[in-house]
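Report on the structure given below.
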Amino acid sequence: MSRTTLSRLALASAATTALVLLTAVPAAAHVELESDKAQALAQNVEIAFDAESESATAGITEIRVVLPEGIAPADVAYGEGPKGWKFTANDDGYTVKGPAVKAGVNAEYSVVVKQLPDAKELAFKTLQSYSDGRTDRWIELDENGENPAPVLQLKAAAPGATPISPSPTASESPSPTPTPEETTASATPQAADTEKDDDGGLSAGAWTGIIAAILVAAAAVAFFVRRRGAAQ
């Protein structure tokens, strides 16, 4: 085999190896994020997102994010973003959108989270839309997938850090003010006993009057009997 043939075989083998290595590398996330306070249970954490543009002819117009477990949409506030873009909370996350950024330019924005959950990492599934109707879905939780979701790695919680207390539940709500009827019904035990005496029998004064009347009548009868006997 000539030296030329060997050289060609070596080049072909190198090209094949390079192709295999390239196809084996996992796809890079095209929505990147970072935070200076990426720590479990940290509060008022600003997270910066960088949605990379993959179109040379259309601009990014909307980014829809599904929040990871442990972060409620109501606990997320808008930081800053492209000019004219607005933030809207959804049932499971939020949307930031507005006029299309220039074709080929990344869409950068930030949000502030009230408190991060006690976790090791947080995946923010993202749908990235363009002015031509195209939508890139960065939602795969497998880092080796073709469309991996951006993930924020968290440090362990600081010593003494605790979750923010939840809002009071219905069972913990203060007791309602009693109505006038309830106030009357909750009279003192003494008053209740007096009411029972009034309803269920005569008072002591009434019994005294009755006994006195009987004694007077008896005395009158005795007097009448003695006087009649004397007359006879």
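Residue numbering restarts at 1 in every chain; chains get A, B, ... in the order shown in the structure tokens, and ligands count up from 1 in that same order.
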
### Task
Would you please extract all helix (DSSP H, G or I) residues from segment 23-143 of chain A, as assigned by DSSP on the backbone, and give them as a list in words?
Thr23, Ala24, Pro73, Ala74 and Asp75 of chain A

### Message
Residues near segment 120-127 of chain A, anyone? I mean within 8 Å using only C-alpha atoms, not counting same-chain ones fewer than 6 positions away, as a ChimeraX atom specification.
### Response
/A:31,40,63-68,135-141,149-156

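Picture a line from atom CA of Gly84 of chain A to atom CA of Gly70 of chain A; it runs 29.6 Å.
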
Shell around Ser110 of chain A at 10 Å using only C-alpha atoms, local window under 6 positions removed, as a PDB file with N, CA and C atoms, in the first residue's frame:
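Final output, saved to result15.pdb:
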ATOM      1  N   LEU A  33     -29.095  30.917  32.318  1.00  0.00           N
ATOM      2  CA  LEU A  33     -29.488  31.730  33.463  1.00  0.00           C
ATOM      3  C   LEU A  33     -28.393  31.734  34.507  1.00  0.00           C
ATOM      4  N   GLU A  34     -28.428  32.756  35.369  1.00  0.00           N
ATOM      5  CA  GLU A  34     -27.462  32.851  36.450  1.00  0.00           C
ATOM      6  C   GLU A  34     -28.020  33.721  37.562  1.00  0.00           C
ATOM      7  N   SER A  35     -27.461  33.554  38.755  1.00  0.00           N
ATOM      8  CA  SER A  35     -27.886  34.341  39.908  1.00  0.00           C
ATOM      9  C   SER A  35     -26.749  34.419  40.917  1.00  0.00           C
ATOM     10  N   GLU A  46     -32.587  37.535  42.582  1.00  0.00           N
ATOM     11  CA  GLU A  46     -32.701  37.967  41.184  1.00  0.00           C
ATOM     12  C   GLU A  46     -32.054  36.928  40.277  1.00  0.00           C
ATOM     13  N   ILE A  47     -32.790  36.495  39.260  1.00  0.00           N
ATOM     14  CA  ILE A  47     -32.281  35.523  38.300  1.00  0.00           C
ATOM     15  C   ILE A  47     -32.272  36.173  36.922  1.00  0.00           C
ATOM     16  N   ALA A  48     -31.126  36.165  36.282  1.00  0.00           N
ATOM     17  CA  ALA A  48     -30.973  36.757  34.950  1.00  0.00           C
ATOM     18  C   ALA A  48     -31.031  35.663  33.886  1.00  0.00           C
ATOM     19  N   PHE A  49     -31.849  35.872  32.860  1.00  0.00           N
ATOM     20  CA  PHE A  49     -32.017  34.918  31.761  1.00  0.00           C
ATOM     21  C   PHE A  49     -31.439  35.506  30.469  1.00  0.00           C
ATOM     22  N   ASP A  50     -30.817  34.649  29.686  1.00  0.00           N
ATOM     23  CA  ASP A  50     -30.273  35.045  28.382  1.00  0.00           C
ATOM     24  C   ASP A  50     -30.784  34.047  27.348  1.00  0.00           C
ATOM     25  N   ALA A  77     -41.541  38.417  40.593  1.00  0.00           N
ATOM     26  CA  ALA A  77     -41.739  39.790  40.120  1.00  0.00           C
ATOM     27  C   ALA A  77     -40.778  40.069  38.966  1.00  0.00           C
ATOM     28  N   TYR A  78     -41.188  40.947  38.077  1.00  0.00           N
ATOM     29  CA  TYR A  78     -40.368  41.289  36.911  1.00  0.00           C
ATOM     30  C   TYR A  78     -39.240  42.222  37.310  1.00  0.00           C
ATOM     31  N   GLY A  79     -38.065  41.945  36.788  1.00  0.00           N
ATOM     32  CA  GLY A  79     -36.925  42.822  37.007  1.00  0.00           C
ATOM     33  C   GLY A  79     -36.806  43.834  35.877  1.00  0.00           C
ATOM     34  N   GLU A  80     -36.108  43.451  34.827  1.00  0.00           N
ATOM     35  CA  GLU A  80     -35.976  44.297  33.642  1.00  0.00           C
ATOM     36  C   GLU A  80     -35.819  43.418  32.419  1.00  0.00           C
ATOM     37  N   GLY A  81     -36.034  43.992  31.244  1.00  0.00           N
ATOM     38  CA  GLY A  81     -35.942  43.222  30.014  1.00  0.00           C
ATOM     39  C   GLY A  81     -35.897  44.133  28.806  1.00  0.00           C
ATOM     40  N   VAL A  96     -43.025  36.786  29.452  1.00  0.00           N
ATOM     41  CA  VAL A  96     -42.511  38.123  29.162  1.00  0.00           C
ATOM     42  C   VAL A  96     -42.519  38.267  27.638  1.00  0.00           C
TER      43      VAL A  96
END

### Task
Give me, please, the distance in Å between atom CA of Asn144 of chain A and atom CA of Ser131 of chain A, quoted to one decimal.
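Computing the Euclidean distance for atom CA of Asn144 of chain A and atom CA of Ser131 of chain A yields 28.5 Å.
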
### Query
Which one is closest to Tyr109 of chain A: A:Asp91, A:Asp75, A:Glu52, A:Asp142? Count only C-alpha atoms.
A:Glu52

### Task
Could you tell me which of A:Asp36, A:Asp92, A:Glu108, A:Glu146 comes closest to Ser53 of chain A if we count only C-alpha atoms?
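Answer, going by the shortest atom-to-atom distance: A:Glu108.
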
### Message
Quick check for you: according to DSSP on this backbone, which residues of segment 22-144 of chain A are classed as strand (DSSP E)? Reply as JSON, numbers by chain.
### Response
{"A": [31, 32, 33, 34, 43, 44, 45, 46, 47, 48, 49, 50, 51, 60, 61, 62, 63, 64, 65, 66, 76, 77, 78, 86, 87, 88, 89, 93, 94, 95, 96, 97, 107, 108, 109, 110, 111, 112, 113, 114, 115, 121, 122, 123, 125, 126, 127, 128, 129, 130, 135, 136, 137, 138]}

Convert the current residue selection to file output with C-alpha atoms, as a compact mmCIF listing (two decimals), in the first residue's frame.
# COMPACT_ATOMS: atom_id res chain seq x y z
CA VAL A 31 -31.53 29.73 27.30
CA GLU A 32 -28.96 30.37 29.97
CA LEU A 33 -29.49 31.73 33.46
CA GLU A 34 -27.46 32.85 36.45
CA GLN A 43 -34.89 35.30 49.68
CA ASN A 44 -35.44 38.06 47.12
CA VAL A 45 -33.26 36.33 44.56
CA GLU A 46 -32.70 37.97 41.18
CA ILE A 47 -32.28 35.52 38.30
CA ALA A 48 -30.97 36.76 34.95
CA PHE A 49 -32.02 34.92 31.76
CA ASP A 50 -30.27 35.05 28.38
CA ALA A 51 -32.40 33.59 25.57
CA ILE A 60 -37.60 37.03 19.64
CA THR A 61 -41.02 38.28 20.72
CA GLU A 62 -42.04 36.13 23.68
CA ILE A 63 -40.61 33.90 26.38
CA ARG A 64 -42.94 31.58 28.31
CA VAL A 65 -41.54 29.94 31.46
CA VAL A 66 -42.97 27.07 33.53
CA VAL A 76 -42.15 36.13 41.08
CA ALA A 77 -41.74 39.79 40.12
CA TYR A 78 -40.37 41.29 36.91
CA LYS A 86 -44.19 43.26 29.80
CA PHE A 87 -44.48 40.57 32.44
CA THR A 88 -47.62 38.47 33.04
CA ALA A 89 -48.10 35.74 35.65
CA GLY A 93 -45.36 30.31 35.52
CA TYR A 94 -45.05 33.58 33.66
CA THR A 95 -44.66 35.20 30.24
CA VAL A 96 -42.51 38.12 29.16
CA LYS A 97 -43.19 39.53 25.72
CA ALA A 107 -33.39 38.48 24.59
CA GLU A 108 -32.12 39.24 28.09
CA TYR A 109 -34.37 39.79 31.09
CA SER A 110 -34.51 39.18 34.83
CA VAL A 111 -37.02 38.25 37.53
CA VAL A 112 -36.94 38.41 41.32
CA VAL A 113 -38.10 35.36 43.30
CA LYS A 114 -39.45 35.84 46.84
CA GLN A 115 -37.71 32.69 48.09
CA GLU A 121 -31.32 22.48 41.27
CA LEU A 122 -34.22 24.22 39.57
CA ALA A 123 -35.30 23.66 35.96
CA LYS A 125 -38.83 25.01 31.17
CA THR A 126 -38.91 27.69 28.48
CA LEU A 127 -40.78 28.29 25.22
CA GLN A 128 -39.06 30.91 23.04
CA SER A 129 -41.12 32.44 20.21
CA TYR A 130 -40.05 34.51 17.19
CA THR A 135 -41.16 28.48 18.71
CA ASP A 136 -38.19 26.77 20.31
CA ARG A 137 -39.11 24.48 23.21
CA TRP A 138 -36.34 24.25 25.81

### Task
May I ask for the distance between atom CA of Ala157 of chain A and atom CA of Ala119 of chain A, given in Å to one decimal place?
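Those two atoms sit 8.7 Å apart.
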
### Nearest-residue call for Pro99 of chain A, choices A:Pro73, A:Gly133, A:Pro163, A:Gly59, using only C-alpha atoms
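Under the stated criterion, the closest residue is A:Gly59.
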